[in-house]
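Undergrad: Next up is a structure, given as structure tokens.
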Amino acid sequence: MSSSKKEFISEAEELLGEAERYLIELQEASGAEVDPDTVNALFRSIHTLKGISGLFGLEGLKDLSHALEEILDSLRLGEMEITDETLGFLLKNIDILKGLLKEADEGKSSDVSAYLEDIKEFRKGTAGRGGDKQLGGLIDEAILGVLSSYEEQRLKANLRRNRGIFTVSAVFSLEDFDKKLSALTEKIKREGELISTLPTSEDVPQDSIGFKILFASDKDADALKADLGMNTVRLAGKETGRRDSQAAAPSLKSISTTVRVDIEKLDRILNTIGDIALTKGALKRIEQELAETYGHSDLVFDIHRATQSLEKRLLELQQQVLEVRMVPIGQIFSRLAQIVRRYSREIGKPVELKVFGEETELDKFIAEEIVDPLMHIVRNAIDHGIESPEERKAEGKPEKGTVTVRAFQRGNSVVVEIEDDGRGVDTEKIKRKAVEKGMISEGTDLDDTELIGLIFRAGFSTKEKVTEVSGRGVGMDVVKERISSIGGYVDVKTERGAYTRFSLTIPITLAVIKSLLVKVGAHTYAMPLSSIVETLAVDGDALQSIEGKSVYNLRGELLPVMPVADFFEAGSDGGVEGGYIVVSGYGERRVGLVVDELIGGQEIVVKSLGAYFDGLKGFAGVAEIGRHNVILVIDVEGLTDEILLRHKGLLHV
Amino acid sequence: MKNILVVEDSESTRSMMKAVIEDLGEDYLVFEAGTGFEALKLLPAEAFSLIITDINMPDINGIELISFVKSTPQYRGIPVIIVSTEGSEEDRRRGLALGAEAYITKPFKPEDLQEKIRVVLSP
């Protein structure tokens with residue numbers, strides 16, 4: 001069976017299942033008022049079934065669903081009453097359709113004329129009603145013209161029931177209008193019946209879209225305004241109470257429920273919260289001192305309770321501000337789609353972009369920070385990853401390459417994966433190139449993961465190889481730097497001839513990470529607690545030196561260590577006097593960073609160093625501790641790499 | 001390269017139409033929208049040469065979509081082909097009255113759709 005036929009069968013099955021559910025819903029609601037949405041949805045499933053059966057040449061299915069569609073059309077237009085008898089008859093026919101579908105799946109088809117005859121008989125038995133109220137003059141022609149015939153029938157049905165017809169206008173941002181609009185229409189449905197949702201661009205700012213919603217309700221405009229919190233305009237129908245002045249107004253005032261806020265303003269709020277947190281810290285100290293001096297008196301307990309409550313509220317406030325900053329990652333993905341289309345055309349490689357998890361949310365600032373790295377990786381995938389159509393054909397792959405971008409949440413991080421189904425990374429080639437460039441020496445023994453890691457080292461990308469596509473003179477090293485500057489890391493998995501997958505693991509919010517403050521020489525630095533495994537106090541004797549490299553015996557395993565000072569001060573001898581070892585990383589990536597002093601834990605907001613400091617190694621960003629006190633945040637991941645490379649005997653670049 | 005937006009809630013019909021359009025040649029790039037909302041999101045993101053839309057859909061229907069396209073200055077010039085079915089002649093008429101350029105009735109032959117597209121897009 002062809003794949004499109006299979007697709008048809010599964011869709012048809014789904015539609016029949018849906019129709020059955022709606023019918024049962026209607027049966028259960030028997031006696032109560034019928035929900036027009038359910039009847040309409042039921043009509044639509046059978047209508048769609050008719051359409052696709054026709055497309056796939058299944059005449060029996062098409063004819064029978066067409067006959068049923070006519071009954072359902074009469075039901076939704078109110079020309080025929082919904083009775084238990086009708087619902088039972090329809091359910092019986094759904095079963096018949098299921099049987100026909102099964103036959104179609106097996107390649108058979110049978111005569112449906114007997115069923116069609118039954119339906120004809122059934123229709124004869126139920127008399128039509130009809131008799132429409134004329135709408136001319138009651139409703140503006142301009143509005144009638146944009147209604148579908150079903151919507152027009154619903155309008156008439158509501159007028160017959162003496163309900164008022166209203167419109168309400170709203171403007172939403174293009175990014176999330178579907179959610180906002182659904183919330184509004186849900187509200188409207190509680191007031192009456194939603195008839196039509198008309199999108200409009202009139203008097204609507206850029207990046208936004210307006211909607212004029214037509215609905216019917218028993219309430220008057222004042223009551224609706226109170227319930228919906230929005231002005232409604234009466235168009236026709238029942239008039240109760242005093243005349244509504246809003247209704248007389250010719251223009252429909254748009255009401256937006258969204259406010260655009262400059263991200264900097266939110267940053268300022270976060271900073272203020274940080275200041276309050278410091279004040280809270282001071283209060284806690286006072287509380288402690290009071291307890292020590294005067295014992296645990298009632299007053300001390302009161303202060304304790306007050307600071308506890310302050311702490312809790314502060315945390316909530318912080319959380320709320322962070323939520324405001326969240327945006328769906330789909331915003332950036334749509335930009336990727338354009339890049340892929342343009343580049344794949346430019347270099348003559350047909351590439352399809354598949355995107356998953358657009359709804360995953362992350363901080364606006366972080367989202368913007370990862371745009372460039374993402375673009376770069378995607379361009380790289382098209383340029384180097386995906387083979388030419390000829391090559392792909394020879395490999396037995398589909399000529400069109402696929403780049404899959406996936407986003408999902410994992411704990412406090414968002415993972416973005418960019419995978420191409422191309423040739424994979426040639427580690428031999430990387431090694432040759434790295435030796436050529438003097439990054440490693442000929443005999444260096446590196447496994448595949450380490451070799452792939454080299455593409456993230458500065459100076460690996462060569463100018464001559466920079467093409468229009470993956471180029472702009474930016475290398476993978478910049479990608480890695482950017483990602484670690486926002487507290488994330490990059491991972492690569494690849495299989496020769498099959499795929500290359502970059503995984504960016506990035507924090508959902510940049511704000512407030514727990515960190516350890518340490519002292520190196522005269523300076524205070526912060527290290528993100530998430531990259532720290534443990535800390536140990538050591539004296540110089542506990543450290544051994546092997547081939548000029550310091551190691552520490554950590555419970556029987558040799559831990560490569562390096563003083564943080566060495567990294568920042570060129571020409572240091574690598575000797576260690578003692579102090580504290582901050583252990584980071586797991587398994588083979590476990591290393592120790594030696595610092596002079598541990599100060600203590602502190603919650604910090606990491607900010608990017610900014611473009612001026614691009615290329616400054618070893619720092620992930622800056623953090624403000626209180627007002628006017630800025631400290632550097634150590635890039636623990638970066639330092640770990642550095643230590644591992646030095647210990648492996650790689651040259652320092 | 002011509003971008004074509006296909007708005008249709010049935011997945012199998014949509015991919016069938018996509019295949020039919022792609023058969024026309026490399027020059028056509030099909031964007032799929034499964035709902036009217038998706039179409040509203042895609043419209044500002046891409047430059048479309050043609051919109052092909054179904055009438056009966058969840059959220060906003062084809063008539064409402066056509067009314068939006070034809071009343072918005074930057075989209076007004078995009079031709080619209082209505083895909084209607086037997087029984088929806090009245091809605092087809094309304095869509096054409098709102099400014100849609102052409103229609104095709106389901107079920108249709110692939111050649112018929114291709115011919116319609118060629119006619120609508122011919123300068």
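For the structure tokens, the naming scheme is as follows: chains receive sequential letters (A, B, ...) according to their order of presentation, residues are indexed from 1 within each chain, and ligands are indexed from 1 in presentation order.
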Fewer than 6 positions away in the same chain doesn't count, so skip those; otherwise give me all residues within 12 Å of Glu89 (chain B), counting only C-alpha atoms, as a compact mmCIF listing (two decimals) with C-alpha atoms, in the first residue's frame.
TA:
```txt
# COMPACT_ATOMS: atom_id res chain seq x y z
CA SER A 148 -19.87 31.36 6.20
CA SER A 149 -23.34 29.97 5.57
CA ILE B 55 -13.40 26.41 3.78
CA ILE B 82 -10.66 28.10 -2.66
CA VAL B 83 -10.89 24.36 -2.26
CA GLY B 95 -15.26 33.50 -0.80
CA LEU B 96 -15.21 34.64 -4.42
CA TYR B 103 -11.87 27.72 -6.80
CA ILE B 104 -11.52 24.02 -7.27
CA THR B 105 -13.97 21.39 -6.09
CA LYS B 106 -12.93 18.29 -4.15
```
Undergrad: Considering only strand (DSSP E) as DSSP defines it on the backbone, what residues of region 480-640 of chain A qualify? List them as a compact mmCIF listing (two decimals) with N, CA and C atoms, in the first residue's frame.
TA:
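Listed below is the output, result_6.txt:
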```
# COMPACT_ATOMS: atom_id res chain seq x y z
N TYR A 489 26.40 24.65 27.95
CA TYR A 489 27.51 23.94 27.33
C TYR A 489 27.06 23.22 26.06
N VAL A 490 28.05 22.90 25.24
CA VAL A 490 27.78 22.29 23.94
C VAL A 490 28.33 20.87 23.92
N ASP A 491 27.59 19.99 23.31
CA ASP A 491 27.96 18.59 23.22
C ASP A 491 27.82 18.16 21.76
N VAL A 492 28.70 17.28 21.30
CA VAL A 492 28.56 16.81 19.92
C VAL A 492 28.52 15.30 19.89
N LYS A 493 27.60 14.75 19.13
CA LYS A 493 27.58 13.31 18.89
C LYS A 493 27.56 13.13 17.39
N THR A 494 28.31 12.16 16.92
CA THR A 494 28.34 11.98 15.48
C THR A 494 28.62 10.53 15.12
N GLU A 495 28.15 10.15 13.94
CA GLU A 495 28.47 8.82 13.44
C GLU A 495 28.81 8.99 11.98
N TYR A 499 25.10 10.86 10.89
CA TYR A 499 24.55 12.09 11.45
C TYR A 499 25.59 12.86 12.27
N THR A 500 25.31 14.12 12.52
CA THR A 500 26.04 14.91 13.49
C THR A 500 25.00 15.63 14.31
N ARG A 501 25.14 15.55 15.63
CA ARG A 501 24.16 16.22 16.47
C ARG A 501 24.83 17.10 17.51
N PHE A 502 24.53 18.39 17.44
CA PHE A 502 25.00 19.34 18.45
C PHE A 502 23.90 19.49 19.48
N SER A 503 24.26 19.36 20.76
CA SER A 503 23.26 19.61 21.80
C SER A 503 23.71 20.82 22.62
N LEU A 504 22.87 21.83 22.64
CA LEU A 504 23.16 22.98 23.49
C LEU A 504 22.32 22.84 24.74
N THR A 505 22.97 22.77 25.88
CA THR A 505 22.21 22.73 27.13
C THR A 505 22.35 24.10 27.77
N ILE A 506 21.23 24.79 27.88
CA ILE A 506 21.29 26.17 28.36
C ILE A 506 20.30 26.37 29.49
N PRO A 507 20.63 27.26 30.42
CA PRO A 507 19.69 27.49 31.52
C PRO A 507 18.41 28.15 31.01
N ILE A 513 21.65 32.23 39.91
CA ILE A 513 22.19 30.89 40.07
C ILE A 513 22.91 30.86 41.41
N LYS A 514 22.93 29.70 41.99
CA LYS A 514 23.67 29.56 43.25
C LYS A 514 25.15 29.46 42.90
N SER A 515 25.95 30.19 43.63
CA SER A 515 27.37 30.15 43.31
C SER A 515 28.20 30.08 44.57
N LEU A 516 29.47 29.71 44.37
CA LEU A 516 30.42 29.69 45.47
C LEU A 516 31.38 30.86 45.25
N LEU A 517 31.50 31.73 46.24
CA LEU A 517 32.47 32.83 46.12
C LEU A 517 33.82 32.33 46.63
N VAL A 518 34.87 32.58 45.83
CA VAL A 518 36.20 32.12 46.22
C VAL A 518 37.18 33.28 46.09
N LYS A 519 38.28 33.15 46.77
CA LYS A 519 39.30 34.19 46.67
C LYS A 519 40.55 33.61 46.02
N VAL A 520 41.07 34.32 45.03
CA VAL A 520 42.34 33.95 44.40
C VAL A 520 43.18 35.21 44.46
N HIS A 523 41.63 38.89 44.63
CA HIS A 523 40.34 39.03 43.96
C HIS A 523 39.32 37.99 44.38
N THR A 524 38.05 38.43 44.33
CA THR A 524 36.95 37.53 44.61
C THR A 524 36.31 37.12 43.30
N TYR A 525 36.05 35.82 43.15
CA TYR A 525 35.38 35.32 41.96
C TYR A 525 34.19 34.47 42.38
N ALA A 526 33.26 34.28 41.45
CA ALA A 526 32.15 33.37 41.71
C ALA A 526 32.28 32.15 40.81
N MET A 527 31.93 30.98 41.33
CA MET A 527 31.89 29.77 40.52
C MET A 527 30.48 29.20 40.63
N PRO A 528 29.83 28.92 39.49
CA PRO A 528 28.47 28.37 39.56
C PRO A 528 28.47 27.05 40.33
N ILE A 532 30.11 22.47 40.37
CA ILE A 532 31.03 22.05 41.42
C ILE A 532 30.55 20.74 42.06
N VAL A 533 31.47 19.78 42.21
CA VAL A 533 31.11 18.51 42.81
C VAL A 533 31.37 18.52 44.31
N GLU A 534 32.55 18.96 44.69
CA GLU A 534 32.88 19.05 46.11
C GLU A 534 34.05 19.99 46.31
N THR A 535 34.32 20.35 47.57
CA THR A 535 35.50 21.17 47.85
C THR A 535 36.32 20.48 48.94
N LEU A 536 37.64 20.66 48.88
CA LEU A 536 38.52 20.02 49.85
C LEU A 536 39.58 21.01 50.31
N ALA A 537 39.91 20.95 51.60
CA ALA A 537 41.02 21.77 52.08
C ALA A 537 42.29 20.94 51.93
N VAL A 538 43.35 21.50 51.34
CA VAL A 538 44.59 20.74 51.15
C VAL A 538 45.79 21.59 51.53
N ASP A 539 46.88 20.95 51.92
CA ASP A 539 48.12 21.72 51.96
C ASP A 539 49.02 21.24 50.83
N LEU A 543 49.83 17.43 47.37
CA LEU A 543 49.83 17.43 45.91
C LEU A 543 51.11 16.80 45.39
N GLN A 544 50.96 15.96 44.37
CA GLN A 544 52.13 15.35 43.77
C GLN A 544 52.34 15.97 42.41
N SER A 545 53.58 15.86 41.98
CA SER A 545 53.88 16.39 40.67
C SER A 545 54.32 15.27 39.76
N ILE A 546 53.64 15.10 38.64
CA ILE A 546 54.04 14.08 37.66
C ILE A 546 54.31 14.78 36.35
N LYS A 549 53.22 18.22 36.05
CA LYS A 549 51.79 18.53 36.19
C LYS A 549 51.35 18.13 37.60
N SER A 550 50.55 18.97 38.23
CA SER A 550 50.10 18.67 39.58
C SER A 550 48.91 17.71 39.57
N VAL A 551 48.98 16.75 40.46
CA VAL A 551 47.84 15.86 40.64
C VAL A 551 47.58 15.70 42.14
N TYR A 552 46.37 15.33 42.48
CA TYR A 552 46.02 15.13 43.89
C TYR A 552 45.39 13.76 44.00
N ASN A 553 45.75 13.05 45.04
CA ASN A 553 45.21 11.72 45.23
C ASN A 553 43.86 11.81 45.91
N LEU A 554 42.82 11.71 45.11
CA LEU A 554 41.46 11.82 45.63
C LEU A 554 40.88 10.43 45.80
N GLU A 557 42.26 7.97 43.42
CA GLU A 557 42.34 8.30 42.00
C GLU A 557 43.12 9.59 41.83
N LEU A 558 43.89 9.66 40.74
CA LEU A 558 44.69 10.85 40.51
C LEU A 558 43.84 11.93 39.85
N LEU A 559 43.72 13.04 40.54
CA LEU A 559 42.90 14.14 40.05
C LEU A 559 43.83 15.23 39.49
N PRO A 560 43.71 15.54 38.20
CA PRO A 560 44.54 16.63 37.67
C PRO A 560 44.13 17.95 38.32
N VAL A 561 45.08 18.70 38.84
CA VAL A 561 44.71 19.98 39.47
C VAL A 561 45.53 21.12 38.87
N MET A 562 44.99 22.32 39.01
CA MET A 562 45.70 23.50 38.55
C MET A 562 45.20 24.69 39.35
N PRO A 563 46.13 25.53 39.80
CA PRO A 563 45.69 26.73 40.50
C PRO A 563 44.98 27.66 39.52
N GLY A 578 48.94 25.05 48.24
CA GLY A 578 47.88 24.61 49.14
C GLY A 578 46.75 25.60 49.16
N GLY A 579 45.75 25.31 49.92
CA GLY A 579 44.54 26.14 49.94
C GLY A 579 43.35 25.22 49.82
N TYR A 580 42.50 25.49 48.85
CA TYR A 580 41.32 24.66 48.69
C TYR A 580 41.23 24.15 47.26
N ILE A 581 40.77 22.91 47.13
CA ILE A 581 40.54 22.38 45.79
C ILE A 581 39.03 22.35 45.55
N VAL A 582 38.64 22.97 44.46
CA VAL A 582 37.24 22.90 44.05
C VAL A 582 37.17 21.84 42.96
N VAL A 583 36.46 20.74 43.24
CA VAL A 583 36.42 19.65 42.28
C VAL A 583 35.23 19.85 41.34
N SER A 584 35.50 19.71 40.04
CA SER A 584 34.42 19.89 39.07
C SER A 584 34.43 18.75 38.07
N VAL A 591 38.29 17.29 37.43
CA VAL A 591 39.53 18.00 37.69
C VAL A 591 39.38 18.83 38.95
N GLY A 592 40.51 19.36 39.44
CA GLY A 592 40.47 20.21 40.61
C GLY A 592 41.02 21.59 40.31
N LEU A 593 40.31 22.61 40.76
CA LEU A 593 40.77 23.99 40.60
C LEU A 593 41.21 24.46 41.98
N VAL A 594 42.44 24.95 42.06
CA VAL A 594 42.94 25.35 43.37
C VAL A 594 42.72 26.85 43.60
N VAL A 595 42.08 27.17 44.72
CA VAL A 595 41.87 28.58 45.07
C VAL A 595 42.43 28.82 46.47
N GLU A 597 40.97 30.69 49.02
CA GLU A 597 40.02 30.79 50.11
C GLU A 597 38.61 30.52 49.62
N LEU A 598 37.81 29.89 50.46
CA LEU A 598 36.38 29.77 50.13
C LEU A 598 35.64 30.79 50.97
N ILE A 599 34.83 31.62 50.33
CA ILE A 599 34.13 32.65 51.09
C ILE A 599 32.74 32.18 51.53
N GLY A 600 32.01 31.56 50.61
CA GLY A 600 30.69 31.06 50.98
C GLY A 600 29.73 31.10 49.81
N GLY A 601 28.52 30.66 50.06
CA GLY A 601 27.53 30.61 48.99
C GLY A 601 26.91 31.97 48.74
N GLN A 602 26.51 32.23 47.52
CA GLN A 602 25.85 33.48 47.18
C GLN A 602 25.00 33.27 45.93
N GLU A 603 23.80 33.83 45.95
CA GLU A 603 22.98 33.76 44.75
C GLU A 603 23.36 34.93 43.85
N ILE A 604 23.65 34.63 42.61
CA ILE A 604 24.07 35.70 41.72
C ILE A 604 23.28 35.67 40.41
N VAL A 606 24.04 36.11 36.59
CA VAL A 606 25.18 36.19 35.68
C VAL A 606 24.79 36.98 34.44
N LYS A 607 25.62 37.95 34.11
CA LYS A 607 25.39 38.71 32.88
C LYS A 607 26.56 38.53 31.95
N PHE A 619 36.32 33.36 31.68
CA PHE A 619 35.22 33.94 32.43
C PHE A 619 33.90 33.71 31.74
N ALA A 620 32.91 33.34 32.51
CA ALA A 620 31.58 33.09 31.94
C ALA A 620 30.74 34.35 31.94
N GLY A 621 31.13 35.33 32.71
CA GLY A 621 30.35 36.56 32.75
C GLY A 621 30.66 37.35 34.00
N VAL A 622 29.81 38.32 34.28
CA VAL A 622 29.98 39.11 35.49
C VAL A 622 28.72 39.01 36.33
N ALA A 623 28.87 39.28 37.61
CA ALA A 623 27.70 39.29 38.49
C ALA A 623 27.84 40.46 39.43
N GLU A 624 26.69 41.02 39.76
CA GLU A 624 26.69 42.11 40.71
C GLU A 624 26.39 41.54 42.08
N VAL A 630 30.99 44.57 41.48
CA VAL A 630 30.91 43.62 40.37
C VAL A 630 32.04 42.62 40.46
N ILE A 631 31.72 41.32 40.35
CA ILE A 631 32.79 40.32 40.36
C ILE A 631 32.70 39.49 39.09
N LEU A 632 33.80 38.83 38.77
CA LEU A 632 33.85 37.98 37.58
C LEU A 632 33.40 36.57 37.93
N VAL A 633 32.69 35.96 37.00
CA VAL A 633 32.24 34.59 37.21
C VAL A 633 33.15 33.67 36.39
N ILE A 634 33.75 32.71 37.07
CA ILE A 634 34.71 31.83 36.40
C ILE A 634 33.98 30.82 35.52
```
Undergrad: Using only C-alpha atoms, I'd like a table of the residues in chain B that come within 10 Å of chain A; for each, show the closest atom pair and its distance in Å rounded to one decimal, ordered by chain and ascending number, as a Markdown table.
TA:
```
| residue | atom | partner | partner_atom | distance |
| --- | --- | --- | --- | --- |
| B:Met1 | CA | A:Arg345 | CA | 9.5 |
| B:Glu8 | CA | A:Thr48 | CA | 10.0 |
| B:Asp9 | CA | A:Thr48 | CA | 8.4 |
| B:Ser10 | CA | A:Thr48 | CA | 6.9 |
| B:Glu11 | CA | A:Glu11 | CA | 7.5 |
| B:Ser12 | CA | A:Phe8 | CA | 5.6 |
| B:Thr13 | CA | A:Ile52 | CA | 6.3 |
| B:Arg14 | CA | A:Ile52 | CA | 9.9 |
| B:Ser15 | CA | A:Ser4 | CA | 8.1 |
| B:Met16 | CA | A:Ser4 | CA | 7.4 |
| B:Leu29 | CA | A:Arg341 | CA | 9.6 |
| B:Gly36 | CA | A:Pro199 | CA | 9.8 |
| B:Phe37 | CA | A:Asp178 | CA | 6.7 |
| B:Glu38 | CA | A:Asp178 | CA | 8.9 |
| B:Leu40 | CA | A:Leu174 | CA | 8.3 |
| B:Lys41 | CA | A:Leu174 | CA | 6.6 |
| B:Leu42 | CA | A:Ser334 | CA | 9.3 |
| B:Pro44 | CA | A:Asp207 | CA | 8.2 |
| B:Ala45 | CA | A:Ser334 | CA | 7.8 |
| B:Glu46 | CA | A:Gln338 | CA | 8.4 |
| B:Ile55 | CA | A:Ser148 | CA | 8.5 |
| B:Asn56 | CA | A:Arg44 | CA | 6.9 |
| B:Met57 | CA | A:Arg44 | CA | 7.6 |
| B:Pro58 | CA | A:Ala41 | CA | 8.1 |
| B:Asp59 | CA | A:Thr197 | CA | 7.8 |
| B:Ile60 | CA | A:Thr197 | CA | 6.2 |
| B:Asn61 | CA | A:Ser148 | CA | 8.0 |
| B:Gly62 | CA | A:Ser148 | CA | 8.5 |
| B:Ile63 | CA | A:Ser148 | CA | 6.2 |
| B:Glu64 | CA | A:Leu198 | CA | 5.5 |
| B:Leu65 | CA | A:Pro199 | CA | 7.2 |
| B:Ile66 | CA | A:Val146 | CA | 8.7 |
| B:Ser67 | CA | A:Val146 | CA | 6.4 |
| B:Phe68 | CA | A:Thr200 | CA | 5.5 |
| B:Val69 | CA | A:Thr200 | CA | 8.6 |
| B:Lys70 | CA | A:Thr200 | CA | 10.0 |
| B:Ser71 | CA | A:Ser201 | CA | 7.5 |
| B:Thr72 | CA | A:Ser201 | CA | 5.7 |
| B:Pro73 | CA | A:Ser201 | CA | 8.5 |
| B:Gln74 | CA | A:Ser201 | CA | 9.7 |
| B:Ser84 | CA | A:Gly51 | CA | 9.1 |
| B:Thr85 | CA | A:Gly51 | CA | 6.9 |
| B:Glu86 | CA | A:His66 | CA | 8.7 |
| B:Gly87 | CA | A:Glu70 | CA | 8.4 |
| B:Ser88 | CA | A:Ser149 | CA | 8.6 |
| B:Glu89 | CA | A:Ser149 | CA | 9.8 |
| B:Glu90 | CA | A:Ser149 | CA | 6.8 |
| B:Asp91 | CA | A:Ser148 | CA | 5.7 |
| B:Arg92 | CA | A:Ser148 | CA | 9.1 |
| B:Arg93 | CA | A:Ser148 | CA | 9.9 |
| B:Arg94 | CA | A:Gly145 | CA | 6.7 |
| B:Gly95 | CA | A:Val146 | CA | 8.2 |
| B:Ala97 | CA | A:Gly145 | CA | 8.0 |
| B:Leu98 | CA | A:Val146 | CA | 7.4 |
| B:Thr105 | CA | A:Gly51 | CA | 9.6 |
| B:Lys106 | CA | A:Gly51 | CA | 6.2 |
| B:Pro107 | CA | A:Leu55 | CA | 4.8 |
| B:Phe108 | CA | A:Leu55 | CA | 6.7 |
| B:Lys109 | CA | A:Leu55 | CA | 8.0 |
| B:Pro110 | CA | A:Leu55 | CA | 9.5 |
```
Undergrad: As JSON, numbers by chain, list the residues of chain B assigned to helix (DSSP H, G or I) by DSSP on the backbone atoms of this structure.
TA: {"B": [11, 12, 13, 14, 15, 16, 17, 18, 19, 20, 21, 22, 36, 37, 38, 39, 40, 41, 42, 43, 44, 45, 62, 63, 64, 65, 66, 67, 68, 69, 70, 71, 89, 90, 91, 92, 93, 94, 95, 96, 97, 110, 111, 112, 113, 114, 115, 116, 117, 118, 119, 120, 121]}
Undergrad: If we count only C-alpha atoms, what is near Glu32 (chain B) at a cut-off of 7 Å, once residues fewer than 3 positions away on the same chain are taken out, given as a list of chain:residue names?
TA: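 Answer for this query is B:Leu5, B:Val6, B:Val7.
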Undergrad: Could you work out how far CA of Ile386 (chain A) lies from CA of Lys349 (chain A), giving the answer in Å with one decimal?
TA: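 CA of Lys349 (chain A) sits 7.8 Å away from CA of Ile386 (chain A).
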Undergrad: Determine, counting only C-alpha atoms, which protein, DNA and RNA residues have an atom within 12 Å of an atom of Asp302 (chain A); residues of the same chain fewer than 4 positions away are not included. Present the result as a VMD selection string.
TA: chain A and resid 283 to 284 287 290 to 291 296 to 298 306 to 309
Undergrad: Write the residues of the preceding selection, restricted to N, CA and C atoms, as a PDB file, in the first residue's frame.
TA:
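Below you can see out.pdb, which holds the result:
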```pdb
ATOM      1  N   LEU A 283      19.239  41.774  57.684  1.00  0.00           N
ATOM      2  CA  LEU A 283      18.244  41.507  58.728  1.00  0.00           C
ATOM      3  C   LEU A 283      18.530  40.185  59.423  1.00  0.00           C
ATOM      4  N   LYS A 284      18.898  39.186  58.600  1.00  0.00           N
ATOM      5  CA  LYS A 284      19.171  37.866  59.176  1.00  0.00           C
ATOM      6  C   LYS A 284      20.350  37.912  60.139  1.00  0.00           C
ATOM      7  N   GLU A 287      19.246  39.438  63.292  1.00  0.00           N
ATOM      8  CA  GLU A 287      18.479  38.457  64.045  1.00  0.00           C
ATOM      9  C   GLU A 287      19.409  37.525  64.822  1.00  0.00           C
ATOM     10  N   LEU A 290      21.084  39.328  67.697  1.00  0.00           N
ATOM     11  CA  LEU A 290      20.122  39.527  68.788  1.00  0.00           C
ATOM     12  C   LEU A 290      19.951  38.242  69.576  1.00  0.00           C
ATOM     13  N   ALA A 291      19.842  37.131  68.843  1.00  0.00           N
ATOM     14  CA  ALA A 291      19.647  35.850  69.507  1.00  0.00           C
ATOM     15  C   ALA A 291      20.840  35.516  70.385  1.00  0.00           C
ATOM     16  N   HIS A 296      16.761  33.657  72.875  1.00  0.00           N
ATOM     17  CA  HIS A 296      15.634  33.546  71.945  1.00  0.00           C
ATOM     18  C   HIS A 296      14.363  34.146  72.520  1.00  0.00           C
ATOM     19  N   SER A 297      14.329  35.474  72.577  1.00  0.00           N
ATOM     20  CA  SER A 297      13.154  36.173  73.110  1.00  0.00           C
ATOM     21  C   SER A 297      12.049  36.207  72.064  1.00  0.00           C
ATOM     22  N   ASP A 298      10.871  36.661  72.474  1.00  0.00           N
ATOM     23  CA  ASP A 298       9.744  36.795  71.559  1.00  0.00           C
ATOM     24  C   ASP A 298      10.085  37.726  70.409  1.00  0.00           C
ATOM     25  N   ALA A 306       9.394  37.478  60.437  1.00  0.00           N
ATOM     26  CA  ALA A 306       9.300  38.534  59.426  1.00  0.00           C
ATOM     27  C   ALA A 306      10.308  38.311  58.296  1.00  0.00           C
ATOM     28  N   THR A 307      11.554  37.950  58.658  1.00  0.00           N
ATOM     29  CA  THR A 307      12.551  37.739  57.606  1.00  0.00           C
ATOM     30  C   THR A 307      12.211  36.502  56.769  1.00  0.00           C
ATOM     31  N   GLN A 308      11.656  35.493  57.440  1.00  0.00           N
ATOM     32  CA  GLN A 308      11.247  34.277  56.711  1.00  0.00           C
ATOM     33  C   GLN A 308      10.215  34.623  55.647  1.00  0.00           C
ATOM     34  N   SER A 309       9.224  35.410  56.082  1.00  0.00           N
ATOM     35  CA  SER A 309       8.151  35.786  55.172  1.00  0.00           C
ATOM     36  C   SER A 309       8.708  36.648  54.032  1.00  0.00           C
TER      37      SER A 309
END
```
Undergrad: Using CA of Ala67 (chain A) and CA of Ser109 (chain A) as the two end points, give the distance in Å to one decimal.
TA: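 For CA of Ala67 (chain A) relative to CA of Ser109 (chain A), the distance reads 17.7 Å.
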Undergrad: Between B:Arg118, B:Ile81, B:Leu43, B:Gly99, which has the minimum distance to Asp27 (chain B) (counting only C-alpha atoms)?
TA: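 Of the candidates, the smallest distance to Asp27 (chain B) is held by B:Arg118.
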Undergrad: Quick one, how far is CA of Glu292 (chain A) from CA of Leu310 (chain A)?
TA: 21.8 Å
